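**Student:** Please find one structure pasted underneath; my questions will follow.
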Amino acid sequence: MIIYGDTFTLQNDLDREKVLFRDMFERRKSLSYRTDFALEIVDYKRERVQYLIEHGVIHENGDFLEMEDVYVQFFEEVLDMNEEISVASVREHINALKENIGYYLEETNEHRKTQYQSNVRKMLRRIGLRTLKNVIDLKRNVDIAYKQEPNYKIKKTRLENLDDKRKGIKQLIAECEKMMDGEIVFFKMATDPEMQRTTMDVRNDFTEADHNLLEIEHQIIEYINQIELQSQLLKKIRRLKYLKDQLTWREDTNIVRTLNDVNPLWMEKRPYNRIFLSVDMLRSNEEAYDLIRKIAGKNDVRRLARTEADPLDQEFLNDNTEEVNSVNTTELWNAFKAQGQHLFSFIKNYNYHQPRTLNDHIILYCQMATQHSEELRITDNYETFENIEYALIYAS
């Protein structure tokens, strides 16, 4: 039990350690406030820190210190920094409101009836303020979840959970309005101007909160739809990257035709129109010549002697043709499905346009087996060709 003298001493100590509290409150989310930091602030007087620990102001966890939750919540509420959406607190206020209205209607003593009426007025004000605060926190958390969460699955889950809290707030607003409309007897009996003003303010708060909740609902739906589109786009990009690595994206996709059909202006360079001056004017106009010399002087451009370039070598003017040893994998796959040989034998005996090495056959064998694994029947039988062991694979 804390007596008056102890309470007064604790208040003085809290005021004395305000620098420590401010520093710990600013780092409340880091969970790594070392005891050495606190000792440095309190001039290395261990007993001052120990006093706060014994009175439940801060908590010691090994080499680290933490502010007790009751003080953290107090400062967050006072400074309007609380990010938690507390639907339960509004529920508790509504239940307490119903209880005090019931006490007021049953009470016969005027003094206690006035006390219950004052409690109802205070709770109504708290419900209105707490509801608006929850709506503001909900909107901020929705924006943070979409813009700062890097993981798509977690981002979508957080938005869905926030949407559930939005529904909870909306349900509590409807429940409180229904209760206020149902307690006609109480509001007729307690018809003082302060109660009427409080009731009107709470209804206005509910109207404002309801409009904001509707906007938040549209925002959550839009964010979730954007996440779905981004997720689908990411899957397509990964698939396209895989086909590009396999050198089959031109044959197996319509990427070339799609890129030729679009006109992405934002990727084009900014047009720069040059205005060429007349050579005759530059030769005959002394004013233009003086302007050119001034511009050249400002940009540190000096006149350089120009010489004739060497004549081009005749080899640069000759047409050179380079043949690339490539295989149309789509045509090769269609031909393989139409016959009965196993894959390696088919690749080895296929009629290519250019000669190919054994290493080329092995690479093509692995490529075909990887790309069409779902359409192939891979057996447990093996054969050897020039010390290369391979599995017998047939078209399914």
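Ligands are numbered from 1 in the order shown, residues from 1 within each chain, and chains are lettered A, B, ... in the order they appear in the structure tokens.
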Identify all residues of region 124-368 of chain A in helix (DSSP H, G or I) (DSSP on the backbone) and supply them as a VMD selection string.
**Tutor:** chain A and resid 124 to 148 152 to 182 184 to 189 193 to 245 249 to 252 255 to 261 265 to 267 279 to 284 286 to 298 314 to 317 329 to 337 343 to 349 358 to 368
**Student:** Tell me which of A:Arg91, A:Arg356, A:Lys98, A:His55 sits closest to Glu183 (chain A), counting only C-alpha atoms.
**Tutor:** A:Lys98
**Student:** Would you kindly return, as a PyMOL selection string, each protein, DNA or RNA residue with an atom no farther than 12 Å from any atom of Glu208 (chain A), considering only C-alpha atoms and excluding same-chain residues fewer than 5 positions away?
**Tutor:** chain A and resi 128-129+131-133+135-136+170+173+201-203+213-215
**Student:** Write the residues of the selection above to a file with N, CA, C and O atoms, as a PDB file, in the first residue's frame.
**Tutor:**
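As a result, selection-v2.pdb now contains:
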ATOM      1  N   GLY A 128     -17.434   8.546 -27.915  1.00  0.00           N
ATOM      2  CA  GLY A 128     -17.286   9.323 -29.135  1.00  0.00           C
ATOM      3  C   GLY A 128     -15.837   9.598 -29.479  1.00  0.00           C
ATOM      4  O   GLY A 128     -15.405   9.396 -30.626  1.00  0.00           O
ATOM      5  N   LEU A 129     -15.040  10.023 -28.487  1.00  0.00           N
ATOM      6  CA  LEU A 129     -13.632  10.324 -28.730  1.00  0.00           C
ATOM      7  C   LEU A 129     -12.850   9.069 -29.079  1.00  0.00           C
ATOM      8  O   LEU A 129     -11.996   9.068 -29.973  1.00  0.00           O
ATOM      9  N   THR A 131     -13.986   6.328 -30.434  1.00  0.00           N
ATOM     10  CA  THR A 131     -14.375   5.848 -31.761  1.00  0.00           C
ATOM     11  C   THR A 131     -13.652   6.621 -32.853  1.00  0.00           C
ATOM     12  O   THR A 131     -13.114   6.030 -33.799  1.00  0.00           O
ATOM     13  N   LEU A 132     -13.624   7.955 -32.734  1.00  0.00           N
ATOM     14  CA  LEU A 132     -12.898   8.756 -33.722  1.00  0.00           C
ATOM     15  C   LEU A 132     -11.414   8.423 -33.719  1.00  0.00           C
ATOM     16  O   LEU A 132     -10.777   8.354 -34.771  1.00  0.00           O
ATOM     17  N   LYS A 133     -10.836   8.213 -32.522  1.00  0.00           N
ATOM     18  CA  LYS A 133      -9.421   7.857 -32.434  1.00  0.00           C
ATOM     19  C   LYS A 133      -9.165   6.511 -33.112  1.00  0.00           C
ATOM     20  O   LYS A 133      -8.155   6.341 -33.822  1.00  0.00           O
ATOM     21  N   VAL A 135     -10.839   5.222 -35.594  1.00  0.00           N
ATOM     22  CA  VAL A 135     -10.972   5.407 -37.048  1.00  0.00           C
ATOM     23  C   VAL A 135      -9.697   6.023 -37.619  1.00  0.00           C
ATOM     24  O   VAL A 135      -9.191   5.606 -38.675  1.00  0.00           O
ATOM     25  N   ILE A 136      -9.143   7.024 -36.911  1.00  0.00           N
ATOM     26  CA  ILE A 136      -7.896   7.650 -37.370  1.00  0.00           C
ATOM     27  C   ILE A 136      -6.757   6.633 -37.373  1.00  0.00           C
ATOM     28  O   ILE A 136      -5.972   6.545 -38.328  1.00  0.00           O
ATOM     29  N   LYS A 170     -17.708  -0.426 -36.785  1.00  0.00           N
ATOM     30  CA  LYS A 170     -19.028  -0.095 -37.354  1.00  0.00           C
ATOM     31  C   LYS A 170     -20.142  -0.776 -36.558  1.00  0.00           C
ATOM     32  O   LYS A 170     -21.207  -0.171 -36.322  1.00  0.00           O
ATOM     33  N   ILE A 173     -20.650   1.130 -33.290  1.00  0.00           N
ATOM     34  CA  ILE A 173     -21.377   2.383 -33.516  1.00  0.00           C
ATOM     35  C   ILE A 173     -22.874   2.118 -33.632  1.00  0.00           C
ATOM     36  O   ILE A 173     -23.706   2.817 -33.016  1.00  0.00           O
ATOM     37  N   ASP A 201     -23.138  15.777 -29.622  1.00  0.00           N
ATOM     38  CA  ASP A 201     -21.737  15.651 -30.051  1.00  0.00           C
ATOM     39  C   ASP A 201     -21.387  14.208 -30.377  1.00  0.00           C
ATOM     40  O   ASP A 201     -20.664  13.932 -31.353  1.00  0.00           O
ATOM     41  N   VAL A 202     -21.880  13.263 -29.566  1.00  0.00           N
ATOM     42  CA  VAL A 202     -21.582  11.845 -29.806  1.00  0.00           C
ATOM     43  C   VAL A 202     -22.207  11.386 -31.120  1.00  0.00           C
ATOM     44  O   VAL A 202     -21.574  10.668 -31.911  1.00  0.00           O
ATOM     45  N   ARG A 203     -23.445  11.805 -31.393  1.00  0.00           N
ATOM     46  CA  ARG A 203     -24.082  11.424 -32.661  1.00  0.00           C
ATOM     47  C   ARG A 203     -23.324  12.018 -33.852  1.00  0.00           C
ATOM     48  O   ARG A 203     -23.185  11.376 -34.902  1.00  0.00           O
ATOM     49  N   LEU A 213     -15.291   5.452 -42.204  1.00  0.00           N
ATOM     50  CA  LEU A 213     -15.221   3.997 -42.331  1.00  0.00           C
ATOM     51  C   LEU A 213     -15.608   3.545 -43.733  1.00  0.00           C
ATOM     52  O   LEU A 213     -15.037   2.579 -44.262  1.00  0.00           O
ATOM     53  N   LEU A 214     -16.560   4.237 -44.338  1.00  0.00           N
ATOM     54  CA  LEU A 214     -16.944   3.899 -45.710  1.00  0.00           C
ATOM     55  C   LEU A 214     -15.785   4.167 -46.667  1.00  0.00           C
ATOM     56  O   LEU A 214     -15.494   3.362 -47.567  1.00  0.00           O
ATOM     57  N   GLU A 215     -15.100   5.273 -46.464  1.00  0.00           N
ATOM     58  CA  GLU A 215     -13.935   5.584 -47.303  1.00  0.00           C
ATOM     59  C   GLU A 215     -12.812   4.577 -47.074  1.00  0.00           C
ATOM     60  O   GLU A 215     -12.137   4.153 -48.026  1.00  0.00           O
TER      61      GLU A 215
END
**Student:** If we count only C-alpha atoms and set the cut-off at 12 Å, which residues sit around Ile363 (chain A), ignoring sequence neighbours fewer than 5 positions away in its own chain? Please answer as a tab-separated table (two decimals) with N, CA and C atoms, in the first residue's frame.
**Tutor:**
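Full text of selection39.tsv as output:
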chain	number	residue	atom	x	y	z
A	246	GLN	N	15.89	-20.01	-70.65
A	246	GLN	CA	15.90	-21.22	-71.44
A	246	GLN	C	15.97	-20.95	-72.95
A	326	SER	N	21.56	-22.66	-84.00
A	326	SER	CA	20.41	-22.70	-83.10
A	326	SER	C	19.39	-23.71	-83.61
A	327	VAL	N	18.52	-24.15	-82.70
A	327	VAL	CA	17.52	-25.16	-83.02
A	327	VAL	C	16.15	-24.64	-82.61
A	344	PHE	N	16.97	-39.21	-76.33
A	344	PHE	CA	18.36	-39.00	-76.69
A	344	PHE	C	18.65	-39.55	-78.10
A	347	ILE	N	17.25	-37.04	-80.60
A	347	ILE	CA	18.08	-35.84	-80.74
A	347	ILE	C	19.37	-36.15	-81.49
A	348	LYS	N	19.93	-37.30	-81.24
A	348	LYS	CA	21.20	-37.65	-81.88
A	348	LYS	C	21.01	-37.90	-83.38
A	356	ARG	N	26.42	-30.71	-85.37
A	356	ARG	CA	26.38	-30.44	-83.94
A	356	ARG	C	27.24	-31.45	-83.21
A	357	THR	N	27.80	-31.03	-82.08
A	357	THR	CA	28.67	-31.89	-81.29
A	357	THR	C	27.86	-32.68	-80.28
A	358	LEU	N	28.55	-33.64	-79.64
A	358	LEU	CA	27.89	-34.41	-78.58
A	358	LEU	C	27.46	-33.52	-77.43
A	368	MET	N	15.11	-30.12	-73.29
A	368	MET	CA	13.80	-30.68	-73.64
A	368	MET	C	13.19	-31.42	-72.46
A	369	ALA	N	14.01	-32.15	-71.71
A	369	ALA	CA	13.49	-32.89	-70.55
A	369	ALA	C	12.99	-31.95	-69.47
A	370	THR	N	13.60	-30.79	-69.32
A	370	THR	CA	13.18	-29.82	-68.30
A	370	THR	C	11.91	-29.09	-68.70
**Student:** Name the closest residue to Leu277 (chain A) among the candidates A:Leu364, A:Tyr289, A:Asp310, A:His93; distances are taken between atoms, counting only C-alpha atoms.
**Tutor:**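 With only C-alpha atoms as the atom set, the closest residue is A:Tyr289.
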**Student:** Go through A:Gln226, A:Gln115, A:Asn359, A:Asn95 and flag the residue nearest Lys147 (chain A), using only C-alpha atoms for the distances.
**Tutor:** A:Gln226
**Student:** Just list the residues in region 282-386 of chain A DSSP gives strand (DSSP E) on the backbone, as a PyMOL selection string.
**Tutor:** chain A and resi 376-385
**Student:** Just write the chosen residues, N, CA and C atoms, as a PDB file, in the first residue's frame.
**Tutor:**
ATOM      1  N   LEU A 376       6.308 -35.969 -70.549  1.00  0.00           N
ATOM      2  CA  LEU A 376       7.259 -37.032 -70.854  1.00  0.00           C
ATOM      3  C   LEU A 376       7.091 -38.193 -69.879  1.00  0.00           C
ATOM      4  N   ARG A 377       7.497 -39.371 -70.340  1.00  0.00           N
ATOM      5  CA  ARG A 377       7.489 -40.572 -69.479  1.00  0.00           C
ATOM      6  C   ARG A 377       8.955 -40.970 -69.255  1.00  0.00           C
ATOM      7  N   ILE A 378       9.431 -40.682 -68.044  1.00  0.00           N
ATOM      8  CA  ILE A 378      10.831 -40.935 -67.700  1.00  0.00           C
ATOM      9  C   ILE A 378      10.919 -42.320 -67.062  1.00  0.00           C
ATOM     10  N   THR A 379      11.659 -43.221 -67.705  1.00  0.00           N
ATOM     11  CA  THR A 379      11.759 -44.600 -67.220  1.00  0.00           C
ATOM     12  C   THR A 379      12.974 -44.765 -66.306  1.00  0.00           C
ATOM     13  N   ASP A 380      13.070 -45.927 -65.696  1.00  0.00           N
ATOM     14  CA  ASP A 380      14.211 -46.248 -64.833  1.00  0.00           C
ATOM     15  C   ASP A 380      15.331 -46.943 -65.604  1.00  0.00           C
ATOM     16  N   ASN A 381      15.205 -47.083 -66.907  1.00  0.00           N
ATOM     17  CA  ASN A 381      16.221 -47.734 -67.738  1.00  0.00           C
ATOM     18  C   ASN A 381      17.236 -46.706 -68.233  1.00  0.00           C
ATOM     19  N   TYR A 382      18.491 -47.134 -68.310  1.00  0.00           N
ATOM     20  CA  TYR A 382      19.579 -46.240 -68.716  1.00  0.00           C
ATOM     21  C   TYR A 382      20.404 -46.912 -69.828  1.00  0.00           C
ATOM     22  N   GLU A 383      20.980 -46.075 -70.681  1.00  0.00           N
ATOM     23  CA  GLU A 383      21.913 -46.525 -71.698  1.00  0.00           C
ATOM     24  C   GLU A 383      23.135 -45.622 -71.683  1.00  0.00           C
ATOM     25  N   THR A 384      24.204 -46.086 -72.334  1.00  0.00           N
ATOM     26  CA  THR A 384      25.467 -45.344 -72.324  1.00  0.00           C
ATOM     27  C   THR A 384      25.901 -45.092 -73.762  1.00  0.00           C
ATOM     28  N   PHE A 385      26.376 -43.866 -74.000  1.00  0.00           N
ATOM     29  CA  PHE A 385      26.897 -43.492 -75.311  1.00  0.00           C
ATOM     30  C   PHE A 385      28.162 -42.663 -75.098  1.00  0.00           C
TER      31      PHE A 385
END
**Student:** Show me, as a list in words, the residues that have an atom within 10 Å of region 333-335 of chain A when counting only C-alpha atoms, minus same-chain residues fewer than 6 positions from it.
**Tutor:**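 Counting only C-alpha atoms, the residues come to Leu343, Phe346, Tyr350, Met368, His372 and Ala395 of chain A.
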**Student:** Can you tell me which residues surround region 228-233 of chain A at a distance of at most 12 Å, considering only C-alpha atoms, apart from same-chain residues fewer than 6 positions away, and format the answer as a PyMOL selection string?
**Tutor:** chain A and resi 151-153+155-156+221-222+239-240
**Student:** How would the residues just chosen look if you wrote them out with N, CA and C atoms as a tab-separated table (two decimals), in the first residue's frame?
**Tutor:**
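This went into out.tsv:
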chain	number	residue	atom	x	y	z
A	151	ASN	N	6.26	-7.99	-47.72
A	151	ASN	CA	5.77	-9.33	-48.03
A	151	ASN	C	4.31	-9.25	-48.49
A	152	TYR	N	4.02	-9.77	-49.70
A	152	TYR	CA	2.69	-9.65	-50.27
A	152	TYR	C	1.64	-10.42	-49.45
A	153	LYS	N	2.00	-11.62	-48.99
A	153	LYS	CA	1.04	-12.42	-48.22
A	153	LYS	C	0.72	-11.75	-46.89
A	155	LYS	N	1.07	-8.59	-46.22
A	155	LYS	CA	0.38	-7.33	-46.51
A	155	LYS	C	-1.12	-7.58	-46.70
A	156	LYS	N	-1.45	-8.61	-47.47
A	156	LYS	CA	-2.86	-8.91	-47.69
A	156	LYS	C	-3.56	-9.35	-46.41
A	221	ILE	N	-10.42	-2.28	-50.15
A	221	ILE	CA	-10.76	-3.07	-51.34
A	221	ILE	C	-9.82	-2.74	-52.49
A	222	GLU	N	-9.53	-1.46	-52.69
A	222	GLU	CA	-8.63	-1.07	-53.76
A	222	GLU	C	-7.22	-1.60	-53.53
A	239	ARG	N	7.84	-16.22	-64.75
A	239	ARG	CA	7.70	-17.23	-65.80
A	239	ARG	C	8.43	-16.77	-67.06
A	240	LEU	N	8.27	-15.49	-67.41
A	240	LEU	CA	8.95	-14.95	-68.59
A	240	LEU	C	10.46	-14.98	-68.41
**Student:** Using only C-alpha atoms, pick whichever of A:Ser396, A:Asn254, A:Thr198, A:Asn119 has the shortest atom-to-atom distance to Tyr104 (chain A).
**Tutor:**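 So, comparing all the options, the nearest one is A:Asn119.
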**Student:** So what do you get for CA of Leu259 (chain A) versus CA of Pro271 (chain A), distance-wise?
**Tutor:** 21.4 Å
**Student:** Would you please work out which residue, of A:Met179, A:Cys366, A:Ala38, A:Leu392, is nearest to His342 (chain A) when using only C-alpha atoms?
**Tutor:** A:Leu392
**Student:** Counting only C-alpha atoms, figure out which residue out of A:Thr191, A:Asn225, A:Arg140, A:Ile393 gets nearest to Ser345 (chain A).
**Tutor:**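 Closest residue, counting only C-alpha atoms: A:Ile393.
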**Student:** I'd like the contact shell of Leu65 (chain A) - 8 Å cut-off, only C-alpha atoms, skipping same-chain residues fewer than 2 positions apart - returned as a compact mmCIF listing (two decimals) with N, CA and C atoms, in the first residue's frame.
**Tutor:**
# COMPACT_ATOMS: atom_id res chain seq x y z
N SER A 32 15.79 -2.53 -27.05
CA SER A 32 17.22 -2.74 -26.79
C SER A 32 17.80 -1.56 -26.02
N TYR A 33 17.08 -1.13 -24.99
CA TYR A 33 17.57 -0.02 -24.17
C TYR A 33 18.44 -0.60 -23.06
N ARG A 34 19.72 -0.45 -23.19
CA ARG A 34 20.66 -1.05 -22.25
C ARG A 34 20.68 -0.28 -20.94
N THR A 35 21.01 -0.99 -19.86
CA THR A 35 21.11 -0.37 -18.54
C THR A 35 22.22 0.68 -18.51
N ILE A 58 9.82 1.04 -14.25
CA ILE A 58 10.55 0.39 -15.33
C ILE A 58 10.78 -1.05 -14.95
N HIS A 59 11.10 -1.85 -15.95
CA HIS A 59 11.28 -3.30 -15.76
C HIS A 59 12.67 -3.68 -16.25
N GLU A 60 13.37 -4.50 -15.47
CA GLU A 60 14.72 -4.92 -15.83
C GLU A 60 14.66 -6.31 -16.43
N ASN A 61 15.30 -6.46 -17.59
CA ASN A 61 15.34 -7.73 -18.30
C ASN A 61 16.78 -8.01 -18.71
N GLY A 62 17.53 -8.63 -17.82
CA GLY A 62 18.94 -8.87 -18.08
C GLY A 62 19.72 -7.57 -18.09
N ASP A 63 20.39 -7.29 -19.19
CA ASP A 63 21.14 -6.04 -19.34
C ASP A 63 20.31 -4.94 -19.97
N MET A 67 10.18 0.32 -20.12
CA MET A 67 9.13 1.01 -19.38
C MET A 67 7.94 0.08 -19.21
